[in-house]
Each structure stands twice: as structure tokens, then as C-alpha cells.
Amino acid sequence: MQPRVRNLIIILFILLLILSGAIWWYFNSQKQNIPTTQIPVTTSTPSSQQVAIDTQVQENLTEQIAGKSEEQVSDYSAILNVSRFFVERYGSFSSGAMWQNIYDIKSVVTNTLWLDLEKLTQSNTAANTDLSLSTKVLSLELLSQNEFSATVLVKTQKKETAGEFSRVYYQDLDLDLQKLDSAC
């Protein structure tokens, strides 16, 4: 190859690289910078008040199952587990979750209640802001129990967030449970 042709090819190659670099820079400078928000990670250790509440709950549970048969303890455990599941799922909501909390509790509600809940999911009451509500069960106390029903006192902590607004509050619930099928 002649030196003149070789130099021309090298110059054209360098010009092509410069042109492609300029095009790349132009399109990258046109992209909008999307601001990102980082949510700070927070960790918490149980406070002395929370440890005292947990100890009190444990003592209360021990008192409630003392002297009961294995079957009674099993029923007691099932009642508390269903109560916790229902209250935490029903009481937690996110506008972006498409009513998933309601569908999660379908297996533990009566047919009548399910029909009412299903109507709620079909209503178009969506808020314009992001809304979330989370519920955490702090304690459960079996107030009464017989063969077909039970009443449970549920103490909860709720956190509600709507847009920039956020609050934490506490709520006590009396939950009435009914055993409809003896096979369950």
C-alpha cells in the first residue's frame, strides 16, 4: 500500500472516531437527569419499654396456657395465629398493591364478610396520592373461648403514610372469631 493512501485511511479513521465521539456526547448530554432519592436505612434495637412489653406478653401467655391439655393449647395457638394473620393483613394496605391484603385473608373470613370485602375491592376509591398503612400486632389476649367461638383482644401499632405525611398510632381491637367447619 502506498504511504499516501495509508495516511489518508488513518486520517479518515481518526475523523470517524472524533465524529462518533461527538455524536455520543451530544445524545448523552440530551438525557434528563432524573433525581434519585435514597431512603436512609434505619435499624433499631428494642427499647427497655419494648423488652418489658415482650416480657409481660410472655408471662401472660404462660398464665393462659398453664394447666391446659395439649388439645386446648393447640386450639389456643391456632386462635392466636389466625388472629395475628387476619389483623396484620387486613390492617395493612398499599395503594400500589391492588387490594392484595384483602385477597390474602379470603381463606379465614366468612362468605358473608368475603362478599362485602370483594365489593370493596371493586370500588374505585383510589386516592391520587400514594397511601400505605402497615399494622403490627404487639400483643394478643384470649378474652373468651368456647367450642365454636372466641374473642381476642389485639393490641396493634399502625403506621400510616400518605404522600409526605406519616404518623404512627396504636389501636386496640376486639376480634370475634367463629369456627364454622369442624374439619378446620
# chains A, B, ... in the order shown; residues from 1 in each chain; ligands from 1
>>> residues_around(residues="Trp114 in chain A", least_positions_apart="6", cutoff="9 Å", atoms="only C-alpha atoms", output="PyMOL selection string")
chain A and resi 102+105-106
>>> write_last_selection(atoms="C-alpha atoms", output="CSV table (one decimal), in the first residue's frame")
chain,number,residue,atom,x,y,z
A,102,ILE,CA,-57.9,-8.4,51.1
A,105,ILE,CA,-57.4,-13.1,54.1
A,106,LYS,CA,-60.1,-14.8,51.9
>>> residues_around(residues="Arg167 in chain A", least_positions_apart="6", cutoff="10 Å", atoms="only C-alpha atoms", output="mmCIF file with C-alpha atoms, in the first residue's frame")
data_model
loop_
_atom_site.group_PDB
_atom_site.id
_atom_site.type_symbol
_atom_site.label_atom_id
_atom_site.label_comp_id
_atom_site.auth_asym_id
_atom_site.auth_seq_id
_atom_site.Cartn_x
_atom_site.Cartn_y
_atom_site.Cartn_z
ATOM 1 C CA LEU A 133 -50.851 1.539 56.079
ATOM 2 C CA LYS A 158 -50.111 1.209 62.893
ATOM 3 C CA LYS A 159 -48.033 3.370 60.583
ATOM 4 C CA GLU A 160 -49.876 5.443 58.013
ATOM 5 C CA THR A 161 -48.106 7.198 55.156
#
>>> closest_residue(among="A:Ser166, A:Gln157, A:Ser92, A:Thr151", to="Ile79 in chain A", atoms="only C-alpha atoms")
A:Thr151
>>> residues_around(residues="Leu140 in chain A", least_positions_apart="2", cutoff="10 Å", atoms="only C-alpha atoms", output="ChimeraX atom specification")
/A:57,60-61,79-81,83-84,137-138,142-143,152-156,172-174
>>> atom_distance(atom1="CA of Gln122 in chain A", atom2="CA of Val168 in chain A")
28.3 Å
>>> select_by_dssp(residues="range 82-166 of chain A", states="strand (DSSP E)", output="PyMOL selection string")
chain A and resi 93-94+131-145+149-162+165-166
>>> residues_around(residues="Ala162 in chain A", least_positions_apart="3", cutoff="7 Å", atoms="only C-alpha atoms", output="list in words")
Thr129, Asp130, Leu131, Ser132, Phe165 and Ser166 of chain A
>>> residues_around(residues="Asp104 in chain A", least_positions_apart="6", cutoff="9 Å", atoms="only C-alpha atoms", output="number ranges by chain")
A: 86, 89-90
>>> atom_distance(atom1="CA of Lys179 in chain A", atom2="CA of Ser107 in chain A")
12.7 Å
>>> closest_residue(among="A:Leu120, A:Val5, A:Leu113, A:Ala150", to="Leu177 in chain A", atoms="only C-alpha atoms")
A:Ala150
>>> residues_around(residues="Ser149 in chain A", least_positions_apart="4", cutoff="9 Å", atoms="only C-alpha atoms", output="VMD selection string")
chain A and resid 144 to 145 176 to 180
>>> closest_residue(among="A:Leu17, A:Gly163, A:Leu175, A:Trp25", to="Phe85 in chain A", atoms="only C-alpha atoms")
A:Leu175
>>> select_by_dssp(residues="range 68-114 of chain A", states="alpha helix (DSSP H)", output="JSON list (two decimals) with N, CA, C and O atoms, in the first residue's frame")
[["chain", "number", "residue", "atom", "x", "y", "z"],
["A", 70, "GLU", "N", -53.03, -30.60, 75.91],
["A", 70, "GLU", "CA", -52.32, -30.33, 74.65],
["A", 70, "GLU", "C", -53.30, -29.86, 73.57],
["A", 70, "GLU", "O", -52.98, -28.98, 72.78],
["A", 71, "GLU", "N", -54.50, -30.44, 73.54],
["A", 71, "GLU", "CA", -55.51, -30.03, 72.55],
["A", 71, "GLU", "C", -55.97, -28.60, 72.80],
["A", 71, "GLU", "O", -56.12, -27.81, 71.85],
["A", 72, "GLN", "N", -56.16, -28.23, 74.08],
["A", 72, "GLN", "CA", -56.57, -26.86, 74.40],
["A", 72, "GLN", "C", -55.47, -25.86, 74.03],
["A", 72, "GLN", "O", -55.76, -24.78, 73.52],
["A", 73, "VAL", "N", -54.22, -26.23, 74.27],
["A", 73, "VAL", "CA", -53.10, -25.36, 73.91],
["A", 73, "VAL", "C", -53.02, -25.23, 72.40],
["A", 73, "VAL", "O", -52.76, -24.14, 71.86],
["A", 74, "SER", "N", -53.29, -26.31, 71.67],
["A", 74, "SER", "CA", -53.27, -26.27, 70.21],
["A", 74, "SER", "C", -54.37, -25.34, 69.69],
["A", 74, "SER", "O", -54.13, -24.55, 68.78],
["A", 75, "ASP", "N", -55.57, -25.44, 70.25],
["A", 75, "ASP", "CA", -56.67, -24.55, 69.86],
["A", 75, "ASP", "C", -56.31, -23.10, 70.18],
["A", 75, "ASP", "O", -56.54, -22.20, 69.37],
["A", 76, "TYR", "N", -55.74, -22.89, 71.36],
["A", 76, "TYR", "CA", -55.34, -21.55, 71.78],
["A", 76, "TYR", "C", -54.33, -20.97, 70.80],
["A", 76, "TYR", "O", -54.45, -19.83, 70.35],
["A", 77, "SER", "N", -53.36, -21.77, 70.43],
["A", 77, "SER", "CA", -52.32, -21.33, 69.49],
["A", 77, "SER", "C", -52.93, -21.01, 68.12],
["A", 77, "SER", "O", -52.58, -20.00, 67.49],
["A", 78, "ALA", "N", -53.84, -21.86, 67.65],
["A", 78, "ALA", "CA", -54.48, -21.63, 66.35],
["A", 78, "ALA", "C", -55.29, -20.34, 66.37],
["A", 78, "ALA", "O", -55.27, -19.56, 65.41],
["A", 79, "ILE", "N", -56.00, -20.09, 67.45],
["A", 79, "ILE", "CA", -56.81, -18.87, 67.57],
["A", 79, "ILE", "C", -55.91, -17.64, 67.50],
["A", 79, "ILE", "O", -56.18, -16.69, 66.77],
["A", 80, "LEU", "N", -54.80, -17.65, 68.22],
["A", 80, "LEU", "CA", -53.90, -16.51, 68.23],
["A", 80, "LEU", "C", -53.21, -16.33, 66.87],
["A", 80, "LEU", "O", -53.04, -15.20, 66.41],
["A", 81, "ASN", "N", -52.84, -17.43, 66.24],
["A", 81, "ASN", "CA", -52.18, -17.33, 64.93],
["A", 81, "ASN", "C", -53.12, -16.76, 63.87],
["A", 81, "ASN", "O", -52.72, -15.92, 63.06],
["A", 82, "VAL", "N", -54.37, -17.23, 63.85],
["A", 82, "VAL", "CA", -55.34, -16.71, 62.88],
["A", 82, "VAL", "C", -55.63, -15.24, 63.18],
["A", 82, "VAL", "O", -55.73, -14.42, 62.25],
["A", 83, "SER", "N", -55.73, -14.90, 64.45],
["A", 83, "SER", "CA", -55.99, -13.51, 64.83],
["A", 83, "SER", "C", -54.87, -12.60, 64.36],
["A", 83, "SER", "O", -55.11, -11.54, 63.76],
["A", 84, "ARG", "N", -53.63, -13.01, 64.60],
["A", 84, "ARG", "CA", -52.48, -12.20, 64.18],
["A", 84, "ARG", "C", -52.46, -12.05, 62.66],
["A", 84, "ARG", "O", -52.30, -10.96, 62.12],
["A", 85, "PHE", "N", -52.63, -13.18, 61.94],
["A", 85, "PHE", "CA", -52.63, -13.16, 60.48],
["A", 85, "PHE", "C", -53.70, -12.21, 59.94],
["A", 85, "PHE", "O", -53.43, -11.36, 59.10],
["A", 86, "PHE", "N", -54.93, -12.36, 60.44],
["A", 86, "PHE", "CA", -56.03, -11.55, 59.95],
["A", 86, "PHE", "C", -55.80, -10.06, 60.19],
["A", 86, "PHE", "O", -55.92, -9.25, 59.28],
["A", 87, "VAL", "N", -55.46, -9.71, 61.42],
["A", 87, "VAL", "CA", -55.31, -8.29, 61.78],
["A", 87, "VAL", "C", -54.16, -7.65, 61.02],
["A", 87, "VAL", "O", -54.29, -6.54, 60.50],
["A", 88, "GLU", "N", -53.02, -8.33, 60.92],
["A", 88, "GLU", "CA", -51.88, -7.73, 60.23],
["A", 88, "GLU", "C", -52.12, -7.60, 58.72],
["A", 88, "GLU", "O", -51.73, -6.62, 58.12],
["A", 89, "ARG", "N", -52.76, -8.58, 58.10],
["A", 89, "ARG", "CA", -53.02, -8.49, 56.65],
["A", 89, "ARG", "C", -54.16, -7.53, 56.36],
["A", 89, "ARG", "O", -54.06, -6.71, 55.46],
["A", 90, "TYR", "N", -55.26, -7.62, 57.10],
["A", 90, "TYR", "CA", -56.41, -6.75, 56.85],
["A", 90, "TYR", "C", -56.05, -5.30, 57.14],
["A", 90, "TYR", "O", -56.48, -4.39, 56.45],
["A", 100, "GLN", "N", -54.21, -6.57, 47.51],
["A", 100, "GLN", "CA", -53.66, -7.89, 47.83],
["A", 100, "GLN", "C", -53.93, -8.28, 49.28],
["A", 100, "GLN", "O", -54.16, -9.45, 49.57],
["A", 101, "ASN", "N", -53.94, -7.31, 50.18],
["A", 101, "ASN", "CA", -54.21, -7.63, 51.58],
["A", 101, "ASN", "C", -55.59, -8.26, 51.76],
["A", 101, "ASN", "O", -55.76, -9.17, 52.58],
["A", 102, "ILE", "N", -56.56, -7.82, 50.98],
["A", 102, "ILE", "CA", -57.92, -8.38, 51.09],
["A", 102, "ILE", "C", -57.94, -9.81, 50.54],
["A", 102, "ILE", "O", -58.54, -10.71, 51.13],
["A", 103, "TYR", "N", -57.29, -10.03, 49.41],
["A", 103, "TYR", "CA", -57.27, -11.37, 48.83],
["A", 103, "TYR", "C", -56.50, -12.36, 49.71],
["A", 103, "TYR", "O", -56.82, -13.54, 49.73],
["A", 104, "ASP", "N", -55.53, -11.87, 50.47],
["A", 104, "ASP", "CA", -54.76, -12.75, 51.36],
["A", 104, "ASP", "C", -55.60, -13.32, 52.49],
["A", 104, "ASP", "O", -55.31, -14.42, 52.97],
["A", 111, "ASN", "N", -68.18, -16.33, 54.34],
["A", 111, "ASN", "CA", -68.64, -15.99, 52.99],
["A", 111, "ASN", "C", -69.32, -14.63, 52.95],
["A", 111, "ASN", "O", -69.14, -13.87, 51.99],
["A", 112, "THR", "N", -70.09, -14.31, 53.98],
["A", 112, "THR", "CA", -70.78, -13.02, 54.04],
["A", 112, "THR", "C", -69.77, -11.87, 54.08],
["A", 112, "THR", "O", -69.90, -10.89, 53.34],
["A", 113, "LEU", "N", -68.77, -11.99, 54.93],
["A", 113, "LEU", "CA", -67.74, -10.95, 55.01],
["A", 113, "LEU", "C", -66.96, -10.88, 53.71],
["A", 113, "LEU", "O", -66.63, -9.79, 53.24],
["A", 114, "TRP", "N", -66.69, -12.02, 53.10],
["A", 114, "TRP", "CA", -65.94, -12.00, 51.84],
["A", 114, "TRP", "C", -66.69, -11.25, 50.75],
["A", 114, "TRP", "O", -66.10, -10.51, 49.98]]
>>> atom_distance(atom1="CA of Thr121 in chain A", atom2="CA of Met98 in chain A")
8.2 Å
